[in-house]
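Shown next, in structure tokens, is the structure this report addresses.
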Amino acid sequence: MNPAEIVKKISEKFSEEVLWFVCFRDECSIVLKKEKVKEILRYLKNTPGLEFDYLVDLTAVDYLGFREPRFDVVYHLTSIKHRHRIRVKAQVPEKDCCIDSVTDLWATANWFERECFDMFGIHFNGHPDLRRILMPEDWKGFPLRKDYPVRSDLGDGEWETYKELKETAKAWKENAE
Amino acid sequence: MDTLYIIAITIIKTAVYFGILMLHVAYATYAERKVIGHIQLRLGPMVVGPHGILQPIADVIKLLLKEDIVPAKVDKAIFKAAPIISLTAALSTFAVIPVDKNWIIADINVGLLYVIGIAGIGTYGIIFSGWASNSKYAFLGGLRSAAQMVSYEVALGLSLVGVILMAESFNLTEIVNKQTEYWYGMFLFPQIIAYFVFVVAMLAETNRLPFDLPEAETELVAGYFVEYSGIRFSLFYLAEYLAMFCMSALATICFWGGWTAPPILIKTFPILEFVPGFVWFLIKVYFHIFLFFWLRGTLPRYRYDQLMAIGWKVLIPLALINIVVTSIVKYYY
Amino acid sequence: MQNNDIKVKELTVNMGPQHPATHGVLRLVLELEGEVIKKCIPHIGYLHRGIEKLSEDLTYVQSLPLTDRIDYLSSMVNNVGFCVAVEKLMGIEVPERAKFIRTMMAEMARICSHLVWIATHALDIGAMTVFLYAMRDREELLEMFEMVSGARLTVSYPRVGGVRCDINNRFLDKLYNFIEKFPKKVEEYETLINRNRIWLKRTKGVGVITAQEAINWGLTGPTLRGSGVYYDVRKFFPYDAYEKVDFDVPVGKNGDVYDRYRCRMLEFRQSARIIKQCIEKLPEGPILADNALRIRMPESPLKIDKKDIIFEIYIEDKQIQEFIQKFTEVYASVEAPRGELGFYIVCDDSSKPYRMRVRAPSFVHAGVLPKLCEGSLVADVIANIGSIDIVLGECDR
């Protein structure tokens, strides 16, 4: 089955959930509402003929200012058996910034979802251990959002823990002298 | 007067022994770096002196002048005592090792037992350093090392029992003299299994590759002496090389004929009669030291449970079989 | 992170971030009971440089040197990956000569990376000599990289639309001589460790992962192929000149450290084969496409050929069509030495990418460490880290 056929099949089967699909340069992506994403992904994983057993990537895109549901959580799936790929996108608004976790479908989603939470602030319901992975544990802010600056003018004051550490070190040194 | 004379001679002998031994140990570190360098297609130390010959002296000066760091939370008395125990134990074993006929500090009748006993005391130094360092890595390294040394001491001792049976004595000079009665001149050939067990146990006793897991850099970052620096570290380092020399000397004396050459070799090349005894001894010891370096450059490292399995399940049965076979052969001939 | 509920028997040991065997700044918190590991928690993020955020501020051509530093041991492959993705997005057709040159460079980078892998893996397990033999061979490859691009490690040689400059016969001669002698050198490494009992005991049966679990955990590259799954991006979704050269993909059986080691050792020979065929089949011609992206990109929007967008909208919203026409996206992946390196680029018609996402194989492989290590001994952690071959630059980006 080539990707265009798969996408048409999904649109027919889950017609209330699918918002639109796009095929560009022999790749197909299908955009859904976020409520039943897990069910559709499970359908994609388990149906014979589709069998997307390999979750390549799970990430998010921030469309601040261009579109109302601000975030798009993007799942890239590949089927090793049938050699085809598909992209599934779920729209996540800013107010209700959470979506179901797919850790029990693909174990690799564990770290991908942690990174998504770390960078965008999207909460994953049902994730076993949702905490920051790349940034320090007590960092404030979500770096890959569009309203987070690329360059910061705060210098050392950007990370609270580092500032506290420097003050403790200075106090200790003064005590020792 | 007589006692004073004996004491004076002993002190002079000890000083000479000690001096030559320390020179050997210092240049063994240089030789190791050169040999391993050439195995790895590089040159080793080349800068200090011609071909790096003065490297050990530079190393000694550096270690002596380093800052003596004692971490804050260690058990100070034991921390400072540990390297001294290791070094003392390693040095004391050389009191009974004969280099040539009558060139020995103390010719006692239980020489072999004495050597193995004192080598066992060296284990205390390791346990103390691992415990006193108050660091998880040092603790793990010390535990592993101590367990490894204790297990392989059993195999070491048992492998030497065959030699003792054949020589009918514990005295090291006697053992060497006994070997000249055979035409092949060494206990190596009848005791080949015991020699194999001894070589493997020798590697494990001195914590050298392939049995150096307790002090492997990539696993526990130098294990039990990770918190030591400067002079204290150099004492541990010296103790390790001294142990290597002690084991090589033991192997030479018990299996390779000490300072004698095989009689058949002397008969075919009568000119070899003029080679002094200590030259034969040194050549054989150097060969064993080279064996240590060669194995280090070539083999990977055993995992800890595999290491213990070899010590208990392979070497001890082999040594026991050797003892039984030797006794039976000795009884009938 | 302190684990304050330490029970009586368990010991918490911290490996890293500075440790000779963790191949970079990786921190592993191990909870031990004796020698057996009860829990293994990896902490990453010490080398996070914000490559994805930075690339939103730079044009496509400017973010090419950023991609060098993702996996700094095989930087040609990262550049090729980025170029393949952007060329797919813009519809640029790369000339034949450039395709063969890029294939050749990517395979050279694969050999380089695997040489570092065997050097460090063997060094960790104790065979120190292999490290120096492998580094000696890597020196020749790095000299060749310097000949062609001026830099040994972070090359930035491929460009969007081809390669930066042409190669001459001197380079090809040197490469051909190297490839002729290389299989013998691989045999030298193998004599030292391949059938050595100690090596076999340290690597057989250690860190086993079955094929089903490996796919579920998202492993790729030799780490996956050691478990018996035949998945290689060069064969499944070919790019550059891989369809025109003939090569095999080695696949293991048991999924332990030894099989992954054998996969990579066989990949050395296959890479040498590919390079030889590329040298023989190299056509003449231009090395940069006519519509390639040039250095001084204008601030005005890009012109992407969007004739082949097919879409169908199921909700009532006038702006969706505009949105679809404005934001185009593409995902392209290459077979990096570590696994599948993927680039997901969202383009909004300006000269800077709207979002560039790097799908790094080392990130996924570092996530599978707890599964491999729990239940085994401390010494096996070292063998496991070596066999999954992670580079922290790629893991943290």
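In the structure tokens, chains take letters A, B, ... by order of appearance, with residues numbered from 1 within each chain and ligands from 1 in the order shown.
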
Practice item. May I have the residues within 12 Å of Gly141 (chain A) as JSON, numbers by chain, using only C-alpha atoms and disregarding those fewer than 4 positions away in the same chain? Key: {"A": [117, 118, 119, 120, 121, 122, 132, 135, 136, 137, 145, 146, 147, 148, 149, 158, 159]}

Quick check: residues of chain A within 6 Å of chain C, only C-alpha atoms, returned as a PDB file with N, CA and C atoms, in the first residue's frame.
ATOM      1  N   LEU A  19      -8.756  15.927  10.390  1.00  0.00           N
ATOM      2  CA  LEU A  19      -9.026  17.301   9.977  1.00  0.00           C
ATOM      3  C   LEU A  19      -8.652  17.517   8.518  1.00  0.00           C
ATOM      4  N   TRP A  20      -7.430  17.124   8.148  1.00  0.00           N
ATOM      5  CA  TRP A  20      -7.059  17.160   6.743  1.00  0.00           C
ATOM      6  C   TRP A  20      -5.840  16.280   6.539  1.00  0.00           C
ATOM      7  N   PHE A  21      -5.535  15.976   5.293  1.00  0.00           N
ATOM      8  CA  PHE A  21      -4.256  15.311   5.017  1.00  0.00           C
ATOM      9  C   PHE A  21      -3.589  15.986   3.834  1.00  0.00           C
ATOM     10  N   VAL A  22      -2.251  15.865   3.807  1.00  0.00           N
ATOM     11  CA  VAL A  22      -1.439  16.499   2.763  1.00  0.00           C
ATOM     12  C   VAL A  22      -0.466  15.466   2.238  1.00  0.00           C
ATOM     13  N   CYS A  23      -0.290  15.422   0.929  1.00  0.00           N
ATOM     14  CA  CYS A  23       0.767  14.580   0.352  1.00  0.00           C
ATOM     15  C   CYS A  23       1.709  15.468  -0.425  1.00  0.00           C
ATOM     16  N   PHE A  24       2.954  15.464  -0.097  1.00  0.00           N
ATOM     17  CA  PHE A  24       3.940  16.369  -0.699  1.00  0.00           C
ATOM     18  C   PHE A  24       5.242  15.613  -0.845  1.00  0.00           C
ATOM     19  N   TYR A  54       7.445   0.726  14.071  1.00  0.00           N
ATOM     20  CA  TYR A  54       8.647   1.460  14.449  1.00  0.00           C
ATOM     21  C   TYR A  54       8.309   2.946  14.504  1.00  0.00           C
ATOM     22  N   TRP A 106       4.841   2.082  21.982  1.00  0.00           N
ATOM     23  CA  TRP A 106       6.230   2.008  21.573  1.00  0.00           C
ATOM     24  C   TRP A 106       7.085   2.466  22.741  1.00  0.00           C
ATOM     25  N   ALA A 107       7.993   1.612  23.226  1.00  0.00           N
ATOM     26  CA  ALA A 107       8.780   1.978  24.405  1.00  0.00           C
ATOM     27  C   ALA A 107       9.692   3.162  24.145  1.00  0.00           C
ATOM     28  N   THR A 108      10.032   3.399  22.882  1.00  0.00           N
ATOM     29  CA  THR A 108      10.940   4.495  22.585  1.00  0.00           C
ATOM     30  C   THR A 108      10.298   5.854  22.839  1.00  0.00           C
ATOM     31  N   LEU A 134      16.871  17.257  28.857  1.00  0.00           N
ATOM     32  CA  LEU A 134      18.069  17.921  28.346  1.00  0.00           C
ATOM     33  C   LEU A 134      18.443  19.135  29.188  1.00  0.00           C
TER      34      LEU A 134
END

**Study point:** One-decimal distance in Å that lies between CA of Ile111 (chain C) and CA of Ile287 (chain C)
**Key:** 23.8 Å

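One distance worth recording is that between CA of Glu33 (chain C) and CA of Arg144 (chain B), which is 14.3 Å.
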
**Study point:** Members of region 16-134 of chain B assigned helix (DSSP H, G or I) by DSSP, as an MDAnalysis selection string
**Key:** chainID B and resid 16:39 50:52 55:65 76:96 111:132

Store the residues picked out above, limited to C-alpha atoms, as a tab-separated table (two decimals), in the first residue's frame.
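Result went into again_26.tsv, see below:
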chain	number	residue	atom	x	y	z
B	16	VAL	CA	73.36	-3.36	48.44
B	17	TYR	CA	70.31	-5.56	47.78
B	18	PHE	CA	67.98	-2.67	48.47
B	19	GLY	CA	69.87	-0.32	46.18
B	20	ILE	CA	70.00	-2.73	43.27
B	21	LEU	CA	66.39	-3.73	43.79
B	22	MET	CA	65.16	-0.14	43.74
B	23	LEU	CA	67.14	0.55	40.60
B	24	HIS	CA	65.56	-2.48	38.97
B	25	VAL	CA	62.07	-1.45	40.00
B	26	ALA	CA	62.52	2.09	38.73
B	27	TYR	CA	63.78	0.88	35.39
B	28	ALA	CA	61.06	-1.75	35.21
B	29	THR	CA	58.54	1.09	34.92
B	30	TYR	CA	60.59	2.51	32.07
B	31	ALA	CA	60.91	-0.89	30.41
B	32	GLU	CA	57.17	-1.42	30.65
B	33	ARG	CA	56.40	1.80	28.88
B	34	LYS	CA	58.93	1.04	26.16
B	35	VAL	CA	57.81	-2.55	25.60
B	36	ILE	CA	54.12	-1.73	25.56
B	37	GLY	CA	54.83	1.24	23.34
B	38	HIS	CA	56.54	-0.92	20.76
B	39	ILE	CA	53.75	-3.49	20.87
B	50	PRO	CA	68.65	9.63	25.09
B	51	HIS	CA	65.71	7.37	24.27
B	52	GLY	CA	64.02	8.43	27.48
B	55	GLN	CA	62.39	9.01	32.60
B	56	PRO	CA	62.15	7.08	35.90
B	57	ILE	CA	64.29	9.69	37.64
B	58	ALA	CA	62.03	12.45	36.36
B	59	ASP	CA	58.99	10.50	37.57
B	60	VAL	CA	60.46	9.99	41.04
B	61	ILE	CA	61.31	13.66	41.41
B	62	LYS	CA	57.83	14.66	40.29
B	63	LEU	CA	56.07	12.31	42.69
B	64	LEU	CA	58.23	13.39	45.62
B	65	LEU	CA	57.57	17.07	45.05
B	76	LYS	CA	43.62	9.37	58.78
B	77	ALA	CA	45.68	6.79	60.67
B	78	ILE	CA	44.70	3.86	58.46
B	79	PHE	CA	44.87	6.00	55.31
B	80	LYS	CA	48.49	6.85	56.04
B	81	ALA	CA	49.41	3.36	57.22
B	82	ALA	CA	48.11	1.47	54.20
B	83	PRO	CA	50.86	2.19	51.65
B	84	ILE	CA	53.53	1.58	54.28
B	85	ILE	CA	52.13	-1.87	55.02
B	86	SER	CA	52.06	-2.75	51.34
B	87	LEU	CA	55.59	-1.60	50.75
B	88	THR	CA	57.03	-3.25	53.84
B	89	ALA	CA	55.43	-6.55	52.98
B	90	ALA	CA	56.68	-6.40	49.41
B	91	LEU	CA	60.23	-5.52	50.44
B	92	SER	CA	60.48	-8.08	53.23
B	93	THR	CA	60.00	-10.98	50.85
B	94	PHE	CA	63.38	-10.29	49.28
B	95	ALA	CA	65.23	-11.19	52.45
B	96	VAL	CA	65.27	-14.86	51.54
B	111	GLY	CA	62.20	-19.75	52.93
B	112	LEU	CA	59.30	-20.61	50.61
B	113	LEU	CA	56.71	-20.51	53.38
B	114	TYR	CA	58.08	-17.19	54.54
B	115	VAL	CA	57.73	-15.65	51.08
B	116	ILE	CA	54.15	-16.77	50.64
B	117	GLY	CA	53.22	-15.71	54.14
B	118	ILE	CA	54.63	-12.20	53.82
B	119	ALA	CA	53.03	-11.80	50.39
B	120	GLY	CA	49.74	-12.48	52.12
B	121	ILE	CA	50.28	-9.56	54.48
B	122	GLY	CA	50.35	-7.28	51.45
B	123	THR	CA	46.62	-7.87	51.11
B	124	TYR	CA	46.06	-5.91	54.33
B	125	GLY	CA	47.49	-2.80	52.74
B	126	ILE	CA	44.88	-3.02	49.99
B	127	ILE	CA	41.96	-3.59	52.31
B	128	PHE	CA	43.03	-0.71	54.51
B	129	SER	CA	43.39	1.69	51.63
B	130	GLY	CA	40.04	0.71	50.14
B	131	TRP	CA	38.22	1.13	53.45
B	132	ALA	CA	39.96	4.24	54.70

Exercise for review: Please provide as a ChimeraX atom specification all residues within 8 Å of Pro222 (chain C), with the sequence filter that same-chain residues fewer than 5 positions apart are discarded (counting only C-alpha atoms).
Suggested key: /C:251,260,263-264,337-339

What does the file look like for those residues with N, CA and C atoms, as a compact mmCIF listing (two decimals), in the first residue's frame?
# COMPACT_ATOMS: atom_id res chain seq x y z
N VAL C 251 23.88 -8.82 9.06
CA VAL C 251 22.83 -8.93 10.07
C VAL C 251 23.26 -9.99 11.07
N ARG C 260 26.71 -7.42 17.69
CA ARG C 260 26.81 -6.04 17.24
C ARG C 260 28.25 -5.73 16.83
N CYS C 263 28.76 -7.23 13.38
CA CYS C 263 28.10 -6.42 12.36
C CYS C 263 28.98 -5.25 11.96
N ARG C 264 29.52 -4.55 12.95
CA ARG C 264 30.33 -3.39 12.59
C ARG C 264 31.63 -3.79 11.92
N PRO C 337 26.58 6.12 10.83
CA PRO C 337 27.22 4.92 11.40
C PRO C 337 26.53 4.43 12.66
N ARG C 338 25.80 5.32 13.35
CA ARG C 338 25.17 4.91 14.59
C ARG C 338 23.75 4.45 14.44
N GLY C 339 23.12 4.77 13.30
CA GLY C 339 21.72 4.42 13.16
C GLY C 339 21.07 5.32 12.14

Point to revise | 10 Å contact set for Asp137 (chain C), only C-alpha atoms, chain neighbours under 5 positions out, as a VMD selection string | key: chain C and resid 111 to 112 115 132 142 178 182 185 to 186

Keeping only N, CA and C atoms, write those residues as a PDB file, in the first residue's frame.
ATOM      1  N   ILE C 111      33.717   4.526   7.990  1.00  0.00           N
ATOM      2  CA  ILE C 111      34.917   3.798   8.422  1.00  0.00           C
ATOM      3  C   ILE C 111      35.592   4.522   9.577  1.00  0.00           C
ATOM      4  N   CYS C 112      35.700   5.859   9.457  1.00  0.00           N
ATOM      5  CA  CYS C 112      36.315   6.655  10.535  1.00  0.00           C
ATOM      6  C   CYS C 112      35.605   6.425  11.856  1.00  0.00           C
ATOM      7  N   LEU C 115      36.123   3.054  13.314  1.00  0.00           N
ATOM      8  CA  LEU C 115      37.473   2.885  13.866  1.00  0.00           C
ATOM      9  C   LEU C 115      37.529   3.444  15.280  1.00  0.00           C
ATOM     10  N   LEU C 132      45.452   1.797  19.509  1.00  0.00           N
ATOM     11  CA  LEU C 132      46.484   2.497  18.741  1.00  0.00           C
ATOM     12  C   LEU C 132      46.529   2.078  17.297  1.00  0.00           C
ATOM     13  N   LEU C 142      41.764  10.975   8.068  1.00  0.00           N
ATOM     14  CA  LEU C 142      41.621  12.382   8.427  1.00  0.00           C
ATOM     15  C   LEU C 142      42.480  13.262   7.522  1.00  0.00           C
ATOM     16  N   PHE C 178      44.631   3.448   0.001  1.00  0.00           N
ATOM     17  CA  PHE C 178      44.160   3.148   1.357  1.00  0.00           C
ATOM     18  C   PHE C 178      43.187   1.977   1.343  1.00  0.00           C
ATOM     19  N   PHE C 182      43.239  -1.696   3.256  1.00  0.00           N
ATOM     20  CA  PHE C 182      42.432  -1.641   4.472  1.00  0.00           C
ATOM     21  C   PHE C 182      41.926  -2.992   4.967  1.00  0.00           C
ATOM     22  N   LYS C 185      44.225  -4.595   7.265  1.00  0.00           N
ATOM     23  CA  LYS C 185      44.340  -3.972   8.583  1.00  0.00           C
ATOM     24  C   LYS C 185      43.194  -4.423   9.486  1.00  0.00           C
ATOM     25  N   VAL C 186      41.999  -4.561   8.886  1.00  0.00           N
ATOM     26  CA  VAL C 186      40.869  -5.031   9.693  1.00  0.00           C
ATOM     27  C   VAL C 186      41.163  -6.425  10.211  1.00  0.00           C
TER      28      VAL C 186
END
